[in-house]
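*Asks:* What follows is entry_22.cif, made up of mmCIF, C-alpha atoms:
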```cif
data_run
#
loop_
_atom_site.group_PDB
_atom_site.id
_atom_site.type_symbol
_atom_site.label_atom_id
_atom_site.label_comp_id
_atom_site.auth_asym_id
_atom_site.auth_seq_id
_atom_site.Cartn_x
_atom_site.Cartn_y
_atom_site.Cartn_z
ATOM 1 C CA MET A 199 30.577 1.153 -10.744
ATOM 2 C CA SER A 200 31.550 4.192 -8.659
ATOM 3 C CA THR A 201 29.051 6.944 -7.918
ATOM 4 C CA SER A 202 31.177 9.590 -9.673
ATOM 5 C CA LEU A 203 31.334 7.512 -12.866
ATOM 6 C CA ARG A 204 27.551 7.026 -12.827
ATOM 7 C CA ASN A 205 27.052 10.747 -12.238
ATOM 8 C CA ASN A 206 29.423 11.631 -15.112
ATOM 9 C CA ARG A 207 27.491 9.356 -17.476
ATOM 10 C CA LEU A 208 24.173 11.063 -16.749
ATOM 11 C CA PRO A 209 24.858 14.528 -18.257
ATOM 12 C CA ALA A 210 26.400 12.854 -21.344
ATOM 13 C CA LEU A 211 23.342 10.617 -21.806
ATOM 14 C CA THR A 212 20.933 13.529 -21.296
ATOM 15 C CA GLY A 213 22.861 15.688 -23.772
ATOM 16 C CA LEU A 214 22.931 12.878 -26.338
ATOM 17 C CA ALA A 215 19.175 12.314 -25.863
ATOM 18 C CA PHE A 216 18.509 16.018 -26.482
ATOM 19 C CA VAL A 217 20.654 16.086 -29.657
ATOM 20 C CA LEU A 218 19.077 12.889 -30.999
ATOM 21 C CA VAL A 219 15.480 13.995 -30.284
ATOM 22 C CA VAL A 220 16.055 17.365 -32.016
ATOM 23 C CA THR A 221 17.751 15.612 -34.974
ATOM 24 C CA ALA A 222 14.914 13.067 -35.226
ATOM 25 C CA ILE A 223 12.224 15.792 -35.239
ATOM 26 C CA ALA A 224 14.157 17.706 -37.920
ATOM 27 C CA LEU A 225 14.496 14.543 -40.042
ATOM 28 C CA VAL A 226 10.804 13.649 -39.630
ATOM 29 C CA PHE A 227 9.551 17.048 -40.808
ATOM 30 C CA PHE A 228 12.285 18.234 -43.206
ATOM 31 C CA TYR A 229 13.973 15.115 -44.622
ATOM 32 C CA ALA A 230 11.631 12.100 -44.686
ATOM 33 C CA PRO A 231 9.374 12.288 -47.760
ATOM 34 C CA LEU A 232 5.584 12.276 -47.551
ATOM 35 C CA ASP A 233 4.138 8.995 -48.786
ATOM 36 C CA GLU A 234 0.654 8.145 -50.104
ATOM 37 C CA ASP A 235 -0.730 8.030 -46.528
ATOM 38 C CA GLY A 236 -0.181 11.764 -46.124
ATOM 39 C CA LEU A 237 1.112 13.859 -43.245
ATOM 40 C CA ASN A 238 -0.391 11.596 -40.525
ATOM 41 C CA GLN A 239 2.294 9.010 -41.386
ATOM 42 C CA LYS A 240 4.738 11.322 -39.533
ATOM 43 C CA ILE A 241 3.272 9.946 -36.275
ATOM 44 C CA PHE A 242 4.766 6.544 -37.209
ATOM 45 C CA TYR A 243 8.374 7.641 -36.588
ATOM 46 C CA PHE A 244 7.809 8.300 -32.897
ATOM 47 C CA HIS A 245 4.844 5.994 -32.214
ATOM 48 C CA VAL A 246 6.673 2.808 -33.318
ATOM 49 C CA ALA A 247 9.987 3.984 -31.814
ATOM 50 C CA ILE A 248 8.260 4.562 -28.461
ATOM 51 C CA ALA A 249 6.532 1.144 -28.628
ATOM 52 C CA LEU A 250 9.834 -0.644 -29.322
ATOM 53 C CA THR A 251 11.468 1.334 -26.500
ATOM 54 C CA ALA A 252 8.690 0.208 -24.131
ATOM 55 C CA TYR A 253 9.434 -3.423 -25.094
ATOM 56 C CA ALA A 254 13.158 -2.762 -24.490
ATOM 57 C CA CYS A 255 12.420 -1.311 -21.031
ATOM 58 C CA PHE A 256 10.239 -4.292 -20.079
ATOM 59 C CA GLY A 257 12.956 -6.633 -21.411
ATOM 60 C CA TRP A 258 15.619 -4.795 -19.375
ATOM 61 C CA GLY A 259 13.374 -5.015 -16.304
ATOM 62 C CA GLY A 260 13.020 -8.763 -16.936
ATOM 63 C CA TRP A 261 16.789 -9.183 -17.293
ATOM 64 C CA LYS A 262 17.376 -7.379 -13.986
ATOM 65 C CA ALA A 263 14.650 -9.524 -12.377
ATOM 66 C CA LEU A 264 16.495 -12.613 -13.612
ATOM 67 C CA ARG A 265 19.688 -11.303 -11.993
ATOM 68 C CA VAL A 266 17.778 -10.885 -8.708
ATOM 69 C CA LEU A 267 16.692 -14.538 -8.756
ATOM 70 C CA TRP A 268 19.836 -16.004 -10.312
ATOM 71 C CA LYS A 269 22.732 -13.995 -8.836
ATOM 72 C CA ARG A 270 20.914 -12.661 -5.731
ATOM 73 C CA ASP A 271 21.939 -9.190 -6.910
ATOM 74 C CA GLU A 272 20.167 -6.843 -4.460
ATOM 75 C CA ARG A 273 20.802 -3.712 -6.539
ATOM 76 C CA ALA A 274 19.047 -5.331 -9.505
ATOM 77 C CA ASP A 275 15.677 -5.229 -7.710
ATOM 78 C CA LEU A 276 15.587 -1.423 -7.787
ATOM 79 C CA GLU A 277 16.928 -1.430 -11.362
ATOM 80 C CA SER A 278 14.191 -3.859 -12.461
ATOM 81 C CA TYR A 279 11.523 -1.705 -10.788
ATOM 82 C CA VAL A 280 12.790 1.501 -12.456
ATOM 83 C CA ALA A 281 13.044 -0.190 -15.895
ATOM 84 C CA ILE A 282 9.447 -1.417 -15.626
ATOM 85 C CA HIS A 283 8.343 2.043 -14.523
ATOM 86 C CA GLN A 284 9.989 3.487 -17.654
ATOM 87 C CA GLY A 285 8.334 0.771 -19.745
ATOM 88 C CA VAL A 286 4.912 1.699 -18.378
ATOM 89 C CA ILE A 287 5.520 5.395 -19.179
ATOM 90 C CA PHE A 288 6.603 4.572 -22.751
ATOM 91 C CA GLY A 289 3.745 2.059 -23.006
ATOM 92 C CA ALA A 290 1.200 4.727 -22.027
ATOM 93 C CA LEU A 291 2.735 7.051 -24.653
ATOM 94 C CA THR A 292 2.434 4.266 -27.266
ATOM 95 C CA LEU A 293 -1.258 3.802 -26.478
ATOM 96 C CA VAL A 294 -2.016 7.540 -26.548
ATOM 97 C CA THR A 295 -0.091 8.351 -29.747
ATOM 98 C CA GLY A 296 -1.515 5.205 -31.376
ATOM 99 C CA SER A 297 -5.055 6.216 -30.433
ATOM 100 C CA ILE A 298 -4.565 9.705 -31.887
ATOM 101 C CA TRP A 299 -3.266 8.188 -35.127
ATOM 102 C CA ALA A 300 -6.082 5.599 -35.195
ATOM 103 C CA ARG A 301 -8.720 8.300 -34.719
ATOM 104 C CA TYR A 302 -7.503 10.044 -37.853
ATOM 105 C CA ARG A 303 -6.792 6.939 -39.968
ATOM 106 C CA TRP A 304 -9.656 4.612 -38.949
ATOM 107 C CA GLY A 305 -12.121 7.077 -37.416
ATOM 108 C CA HIS A 306 -11.958 5.279 -34.028
ATOM 109 C CA TRP A 307 -9.824 5.823 -30.935
ATOM 110 C CA TRP A 308 -9.563 2.065 -30.381
ATOM 111 C CA GLU A 309 -10.228 -1.200 -32.282
ATOM 112 C CA TRP A 310 -10.951 -4.188 -30.016
ATOM 113 C CA HIS A 311 -10.603 -6.723 -32.864
ATOM 114 C CA GLU A 312 -7.008 -5.637 -33.557
ATOM 115 C CA ASP A 313 -4.802 -8.297 -31.955
ATOM 116 C CA GLN A 314 -1.692 -6.129 -31.785
ATOM 117 C CA LEU A 315 -3.505 -3.281 -30.028
ATOM 118 C CA VAL A 316 -5.230 -5.550 -27.526
ATOM 119 C CA LEU A 317 -2.060 -7.563 -26.800
ATOM 120 C CA PHE A 318 -0.080 -4.379 -26.251
ATOM 121 C CA LEU A 319 -2.812 -3.201 -23.857
ATOM 122 C CA VAL A 320 -2.636 -6.574 -22.022
ATOM 123 C CA LEU A 321 1.161 -6.210 -21.731
ATOM 124 C CA PHE A 322 0.774 -2.620 -20.493
ATOM 125 C CA LEU A 323 -1.875 -3.568 -17.898
ATOM 126 C CA PHE A 324 0.184 -6.579 -16.798
ATOM 127 C CA TYR A 325 3.144 -4.347 -15.991
ATOM 128 C CA ALA A 326 0.892 -1.640 -14.508
ATOM 129 C CA ALA A 327 -0.327 -4.313 -12.055
ATOM 130 C CA TYR A 328 3.344 -4.973 -11.139
ATOM 131 C CA PHE A 329 3.272 -1.811 -9.001
ATOM 132 C CA MET A 330 0.117 -2.934 -7.168
ATOM 133 C CA LEU A 331 1.801 -6.251 -6.343
ATOM 134 C CA ARG A 332 5.095 -4.623 -5.341
ATOM 135 C CA PHE A 333 3.556 -2.071 -3.004
ATOM 136 C CA SER A 334 1.099 -4.524 -1.435
ATOM 137 C CA VAL A 335 4.033 -6.465 0.096
ATOM 138 C CA PRO A 336 6.266 -4.942 2.817
ATOM 139 C CA PRO A 337 9.903 -4.239 1.785
ATOM 140 C CA GLY A 338 12.193 -7.235 2.170
ATOM 141 C CA PRO A 339 13.259 -10.469 0.445
ATOM 142 C CA ARG A 340 9.638 -11.583 -0.113
ATOM 143 C CA ARG A 341 8.793 -8.417 -2.042
ATOM 144 C CA THR A 342 12.035 -8.654 -4.018
ATOM 145 C CA ASN A 343 11.362 -12.276 -5.041
ATOM 146 C CA LEU A 344 7.670 -11.767 -5.850
ATOM 147 C CA SER A 345 8.421 -8.670 -7.951
ATOM 148 C CA ALA A 346 11.210 -10.470 -9.823
ATOM 149 C CA VAL A 347 9.063 -13.524 -10.634
ATOM 150 C CA TYR A 348 6.179 -11.304 -11.823
ATOM 151 C CA ALA A 349 8.519 -9.166 -13.979
ATOM 152 C CA LEU A 350 9.934 -12.324 -15.589
ATOM 153 C CA PHE A 351 6.459 -13.662 -16.427
ATOM 154 C CA GLY A 352 5.691 -10.459 -18.335
ATOM 155 C CA VAL A 353 8.723 -10.952 -20.596
ATOM 156 C CA ALA A 354 6.943 -13.944 -22.155
ATOM 157 C CA LEU A 355 4.235 -11.554 -23.381
ATOM 158 C CA ILE A 356 6.712 -9.353 -25.310
ATOM 159 C CA PRO A 357 7.336 -11.690 -28.321
ATOM 160 C CA VAL A 358 3.609 -12.522 -28.451
ATOM 161 C CA SER A 359 2.793 -8.805 -28.581
ATOM 162 C CA ILE A 360 5.414 -8.123 -31.288
ATOM 163 C CA LEU A 361 4.387 -11.128 -33.397
ATOM 164 C CA ALA A 362 0.642 -10.510 -32.954
ATOM 165 C CA ILE A 363 0.417 -8.674 -36.252
ATOM 166 C CA ARG A 364 1.929 -11.712 -38.043
ATOM 167 C CA LEU A 365 -0.376 -14.159 -36.236
ATOM 168 C CA SER A 366 -3.485 -12.098 -36.893
ATOM 169 C CA GLN A 367 -5.661 -13.129 -39.840
ATOM 170 C CA ARG A 368 -7.320 -9.783 -40.367
ATOM 171 C CA PHE A 369 -5.878 -6.470 -39.496
ATOM 172 C CA ILE A 370 -5.961 -2.834 -40.416
ATOM 173 C CA HIS A 371 -2.894 -1.929 -38.361
ATOM 174 C CA PRO A 372 -0.168 -0.967 -40.892
ATOM 175 C CA VAL A 373 2.787 -3.373 -41.311
ATOM 176 C CA ALA A 374 6.048 -1.428 -41.279
ATOM 177 C CA PHE A 375 8.380 -4.439 -41.237
ATOM 178 C CA ASP A 376 7.974 -7.878 -42.809
ATOM 179 C CA ARG A 377 10.235 -10.745 -43.916
ATOM 180 C CA GLY A 378 11.419 -8.688 -46.897
ATOM 181 C CA GLY A 379 12.620 -5.907 -44.585
ATOM 182 C CA PRO A 380 11.207 -2.429 -43.952
ATOM 183 C CA ASN A 381 8.193 -1.409 -46.090
ATOM 184 C CA MET A 382 9.443 2.115 -46.643
ATOM 185 C CA ALA A 383 11.946 4.232 -48.563
ATOM 186 C CA ALA A 384 15.586 4.275 -47.385
ATOM 187 C CA SER A 385 15.255 7.894 -46.202
ATOM 188 C CA GLN A 386 12.153 6.979 -44.162
ATOM 189 C CA PHE A 387 13.921 3.970 -42.642
ATOM 190 C CA PHE A 388 16.942 6.119 -41.753
ATOM 191 C CA THR A 389 14.633 8.677 -40.078
ATOM 192 C CA PHE A 390 12.904 5.883 -38.179
ATOM 193 C CA CYS A 391 16.271 4.483 -36.974
ATOM 194 C CA VAL A 392 17.334 7.936 -35.701
ATOM 195 C CA SER A 393 13.954 8.348 -33.950
ATOM 196 C CA TRP A 394 14.290 4.949 -32.329
ATOM 197 C CA ALA A 395 17.851 5.710 -31.204
ATOM 198 C CA ALA A 396 16.562 9.014 -29.775
ATOM 199 C CA MET A 397 13.839 7.243 -27.797
ATOM 200 C CA LEU A 398 16.222 4.538 -26.532
ATOM 201 C CA VAL A 399 18.761 7.123 -25.345
ATOM 202 C CA LEU A 400 15.976 9.247 -23.815
ATOM 203 C CA ALA A 401 14.694 6.171 -21.955
ATOM 204 C CA ALA A 402 18.239 5.372 -20.785
ATOM 205 C CA ALA A 403 18.683 8.958 -19.528
ATOM 206 C CA LEU A 404 15.335 8.951 -17.689
ATOM 207 C CA TYR A 405 16.136 5.493 -16.265
ATOM 208 C CA ASN A 406 19.452 6.740 -14.867
ATOM 209 C CA VAL A 407 17.874 9.937 -13.467
ATOM 210 C CA GLU A 408 15.142 7.960 -11.690
ATOM 211 C CA LEU A 409 17.577 5.327 -10.459
ATOM 212 C CA ALA A 410 19.924 8.003 -9.054
ATOM 213 C CA GLY A 411 16.964 9.615 -7.234
ATOM 214 C CA LYS A 412 15.819 6.302 -5.758
ATOM 215 C CA ARG A 413 19.369 5.386 -4.631
ATOM 216 C CA ILE A 414 19.801 8.769 -2.928
ATOM 217 C CA ASP A 415 16.428 8.172 -1.229
ATOM 218 C CA VAL A 416 17.647 4.797 0.119
ATOM 219 C CA ARG A 417 20.942 6.293 1.339
ATOM 220 C CA LEU A 418 19.160 9.159 3.090
ATOM 221 C CA LYS A 419 16.912 6.655 4.891
ATOM 222 C CA GLU A 420 19.999 4.682 6.007
ATOM 223 C CA LEU A 421 21.660 7.900 7.176
ATOM 224 C CA ARG A 422 18.557 8.905 9.141
ATOM 225 C CA GLU A 423 18.517 5.500 10.856
ATOM 226 C CA ALA A 424 22.241 5.795 11.675
ATOM 227 C CA LEU A 425 21.810 9.263 13.199
ATOM 228 C CA ARG A 426 18.970 8.183 15.510
ATOM 229 C CA MET B 7 -4.352 24.222 -39.832
ATOM 230 C CA THR B 8 -5.944 21.120 -41.409
ATOM 231 C CA THR B 9 -7.477 18.287 -39.358
ATOM 232 C CA GLU B 10 -4.544 16.032 -40.301
ATOM 233 C CA GLU B 11 -2.026 18.616 -39.108
ATOM 234 C CA LYS B 12 -3.936 18.949 -35.831
ATOM 235 C CA TYR B 13 -3.728 15.196 -35.187
ATOM 236 C CA VAL B 14 0.012 15.101 -35.955
ATOM 237 C CA ALA B 15 0.587 18.129 -33.688
ATOM 238 C CA ALA B 16 -1.500 16.495 -30.918
ATOM 239 C CA ALA B 17 0.559 13.268 -31.057
ATOM 240 C CA TYR B 18 3.853 15.170 -30.803
ATOM 241 C CA LEU B 19 2.504 17.491 -28.084
ATOM 242 C CA VAL B 20 1.467 14.488 -25.960
ATOM 243 C CA ILE B 21 5.048 13.162 -26.079
ATOM 244 C CA PHE B 22 6.443 16.602 -25.210
ATOM 245 C CA ALA B 23 3.926 17.027 -22.346
ATOM 246 C CA VAL B 24 4.759 13.634 -20.821
ATOM 247 C CA VAL B 25 8.523 14.314 -20.914
ATOM 248 C CA LEU B 26 7.890 17.769 -19.409
ATOM 249 C CA ALA B 27 5.693 16.265 -16.660
ATOM 250 C CA TYR B 28 8.502 13.798 -15.926
ATOM 251 C CA VAL B 29 10.995 16.682 -15.558
ATOM 252 C CA VAL B 30 8.593 18.463 -13.154
ATOM 253 C CA ILE B 31 8.234 15.270 -11.054
ATOM 254 C CA VAL B 32 12.035 14.869 -10.934
ATOM 255 C CA ALA B 33 12.415 18.540 -9.920
ATOM 256 C CA LEU B 34 9.881 18.086 -7.089
ATOM 257 C CA LYS B 35 11.699 14.973 -5.928
ATOM 258 C CA LEU B 36 15.041 16.822 -5.939
ATOM 259 C CA GLN B 37 13.444 19.560 -3.834
ATOM 260 C CA ARG B 38 12.220 16.942 -1.325
ATOM 261 C CA LEU B 39 15.644 15.259 -1.201
ATOM 262 C CA GLU B 40 17.330 18.624 -0.608
ATOM 263 C CA HIS B 41 14.919 19.320 2.258
ATOM 264 C CA GLU B 42 15.597 15.875 3.791
ATOM 265 C CA LEU B 43 19.354 16.415 3.444
ATOM 266 C CA ASP B 44 19.055 19.755 5.295
ATOM 267 C CA GLU B 45 17.165 18.000 8.096
ATOM 268 C CA LEU B 46 19.800 15.272 8.358
ATOM 269 C CA ALA B 47 22.626 17.815 8.374
ATOM 270 C CA GLU B 48 20.878 19.625 11.237
ATOM 271 C CA LEU B 49 20.412 16.320 13.087
ATOM 272 C CA ALA B 50 24.122 15.501 12.633
ATOM 273 C CA ARG B 51 25.147 18.952 13.958
ATOM 274 C CA GLN B 52 22.887 18.512 17.029
ATOM 275 C CA LYS B 53 24.328 15.070 17.687
ATOM 276 C CA GLN B 54 27.893 16.366 17.383
ATOM 277 C CA HIS B 55 27.081 19.225 19.777
ATOM 278 C CA GLU B 56 25.552 16.781 22.319
ATOM 279 C CA GLU B 57 28.633 14.526 22.142
ATOM 280 C CA GLU B 58 30.968 17.487 22.712
ATOM 281 C CA GLU B 59 28.914 18.570 25.750
ATOM 282 C CA GLN B 60 29.051 15.019 27.156
ATOM 283 C CA LYS B 61 32.850 15.012 26.729
ATOM 284 C CA VAL B 62 33.137 18.324 28.605
ATOM 285 C CA VAL B 63 30.981 16.974 31.469
ATOM 286 C CA ALA B 64 33.051 13.768 31.663
ATOM 287 C CA ILE B 65 36.354 15.695 31.808
ATOM 288 C CA GLY B 66 34.953 18.183 34.349
#
```
As a first step, turn the structure in this file into structure tokens.

*Replies:*
Amino acid sequence: MSTSLRNNRLPALTGLAFVLVVTAIALVFFYAPLDEDGLNQKIFYFHVAIALTAYACFGWGGWKALRVLWKRDERADLESYVAIHQGVIFGALTLVTGSIWARYRWGHWWEWHEDQLVLFLVLFLFYAAYFMLRFSVPPGPRRTNLSAVYALFGVALIPVSILAIRLSQRFIHPVAFDRGGPNMAASQFFTFCVSWAAMLVLAAALYNVELAGKRIDVRLKELREALR
Amino acid sequence: MTTEEKYVAAAYLVIFAVVLAYVVIVALKLQRLEHELDELAELARQKQHEEEEQKVVAIG
């Protein structure tokens, strides 16, 4: 894809992210009805959307890592790194917003016997360690391969983390979706879908901004070497 | 403001603060890239000037 086409996509994505985030906030506070849980349930719309977006970012990072190993696509290494970086940011947001909600609902910031919480934390720490591994190896094919293999291993944790709430015998974490579909009114589900779309587009916009910055960085380094 | 409202506001503020922090980091990076680009442009001008001087010496 040409540079100009990538650059044209960025303002459109950023604008769409802004419109969707504003729409989602308006729907959360002025359209979605209050249920028996009270006002704190409003955290759900962004907390779950952010968590699912973090999974999507890790999955995208894994896909790009697969392309590195399978197709020897050199550009995919940087793309995998940026996707995992986005996943870690959205993962940290999931943990913080979840803790705030848990403090109000359960009276604790964290519950160690909650499988879903602990597995999400394991997934988050696994990908946080990705950066330690990546930057402990000098740039080159070895770093690219090691990073790609590590990123792919983490993908195996994603379904385990998502299904943890189904596998768990006892839990207090609310179940928003089960085999019968979403456990909420149609208006609440619509609001959730808009919030999720907003978070996915926001993540895509941030991913493209970071990727553009990193690519410019690489080109400037090449230019500096050429001028010496 | 009730306790419940404070918790909801805190959760949304955290999201807003993180996105804002991200924008600040990107802005700082852009500033650094602009500075590096200025340096490289200066380096290219110097190199061009040196090459022109060498040409003049060779002709002379």

*Asks:* Dump as an MDAnalysis selection string the residues of chain A that approach chain B to within 9 Å, counting all atoms listed in the file.

*Replies:* chainID A and resid 236:241 244:245 287 291 294:296 298:299 301:302 404 407:408 411 414:415 418 421:422 425:426

*Asks:* Quick one: which residues end up in the PyMOL selection byres ((chain A and resi 256) around 9) for this structure, as a VMD selection string?

*Replies:* chain A and resid 251 to 255 257 to 261 278 281 to 286 325 349 352 to 353 356

*Asks:* Generate a file of the selected residues that holds C-alpha atoms, formatted as a PDB file, in the coordinates of the input.

*Replies:*
```pdb
ATOM      1  CA  THR A 251      11.468   1.334 -26.500  1.00  0.00           C
ATOM      2  CA  ALA A 252       8.690   0.208 -24.131  1.00  0.00           C
ATOM      3  CA  TYR A 253       9.434  -3.423 -25.094  1.00  0.00           C
ATOM      4  CA  ALA A 254      13.158  -2.762 -24.490  1.00  0.00           C
ATOM      5  CA  CYS A 255      12.420  -1.311 -21.031  1.00  0.00           C
ATOM      6  CA  GLY A 257      12.956  -6.633 -21.411  1.00  0.00           C
ATOM      7  CA  TRP A 258      15.619  -4.795 -19.375  1.00  0.00           C
ATOM      8  CA  GLY A 259      13.374  -5.015 -16.304  1.00  0.00           C
ATOM      9  CA  GLY A 260      13.020  -8.763 -16.936  1.00  0.00           C
ATOM     10  CA  TRP A 261      16.789  -9.183 -17.293  1.00  0.00           C
ATOM     11  CA  SER A 278      14.191  -3.859 -12.461  1.00  0.00           C
ATOM     12  CA  ALA A 281      13.044  -0.190 -15.895  1.00  0.00           C
ATOM     13  CA  ILE A 282       9.447  -1.417 -15.626  1.00  0.00           C
ATOM     14  CA  HIS A 283       8.343   2.043 -14.523  1.00  0.00           C
ATOM     15  CA  GLN A 284       9.989   3.487 -17.654  1.00  0.00           C
ATOM     16  CA  GLY A 285       8.334   0.771 -19.745  1.00  0.00           C
ATOM     17  CA  VAL A 286       4.912   1.699 -18.378  1.00  0.00           C
ATOM     18  CA  TYR A 325       3.144  -4.347 -15.991  1.00  0.00           C
ATOM     19  CA  ALA A 349       8.519  -9.166 -13.979  1.00  0.00           C
ATOM     20  CA  GLY A 352       5.691 -10.459 -18.335  1.00  0.00           C
ATOM     21  CA  VAL A 353       8.723 -10.952 -20.596  1.00  0.00           C
ATOM     22  CA  ILE A 356       6.712  -9.353 -25.310  1.00  0.00           C
TER      23      ILE A 356
END
```

*Asks:* For atom CA of A:Val392 and atom CA of A:Ala222, determine how far apart the two atoms are, in Å to one decimal place.

*Replies:* 5.7 Å

*Asks:* Starting from the point (18.1, 13.8, -24.7), work out which residues of protein, DNA or RNA have an atom no more than 10 Å away when counting all atoms listed in the file; state them as an MDAnalysis selection string.

*Replies:* chainID A and resid 209:220 396:404

*Asks:* Can you work out the spacing between atom CA of A:Phe322 and atom CA of A:Leu250 in Å, to one decimal?

*Replies:*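 Value for the atom CA of A:Phe322-atom CA of A:Leu250 distance: 12.8 Å.
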
*Asks:* Do you have the atom CA of A:Tyr405-atom CA of A:Leu267 distance handy?

*Replies:*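 Taking atom CA of A:Tyr405 and atom CA of A:Leu267, their separation equals 21.4 Å.
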
*Asks:* Just say which residues the PyMOL selection byres ((chain A and resi 328) around 9) picks in this file, as a PDB file with C-alpha atoms, keeping the file's coordinate frame.

*Replies:*
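Just written: part-v7.pdb:
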```pdb
ATOM      1  CA  TYR A 279      11.523  -1.705 -10.788  1.00  0.00           C
ATOM      2  CA  ILE A 282       9.447  -1.417 -15.626  1.00  0.00           C
ATOM      3  CA  LEU A 323      -1.875  -3.568 -17.898  1.00  0.00           C
ATOM      4  CA  PHE A 324       0.184  -6.579 -16.798  1.00  0.00           C
ATOM      5  CA  TYR A 325       3.144  -4.347 -15.991  1.00  0.00           C
ATOM      6  CA  ALA A 326       0.892  -1.640 -14.508  1.00  0.00           C
ATOM      7  CA  ALA A 327      -0.327  -4.313 -12.055  1.00  0.00           C
ATOM      8  CA  PHE A 329       3.272  -1.811  -9.001  1.00  0.00           C
ATOM      9  CA  MET A 330       0.117  -2.934  -7.168  1.00  0.00           C
ATOM     10  CA  LEU A 331       1.801  -6.251  -6.343  1.00  0.00           C
ATOM     11  CA  ARG A 332       5.095  -4.623  -5.341  1.00  0.00           C
ATOM     12  CA  PHE A 333       3.556  -2.071  -3.004  1.00  0.00           C
ATOM     13  CA  SER A 345       8.421  -8.670  -7.951  1.00  0.00           C
ATOM     14  CA  TYR A 348       6.179 -11.304 -11.823  1.00  0.00           C
ATOM     15  CA  ALA A 349       8.519  -9.166 -13.979  1.00  0.00           C
TER      16      ALA A 349
END
```
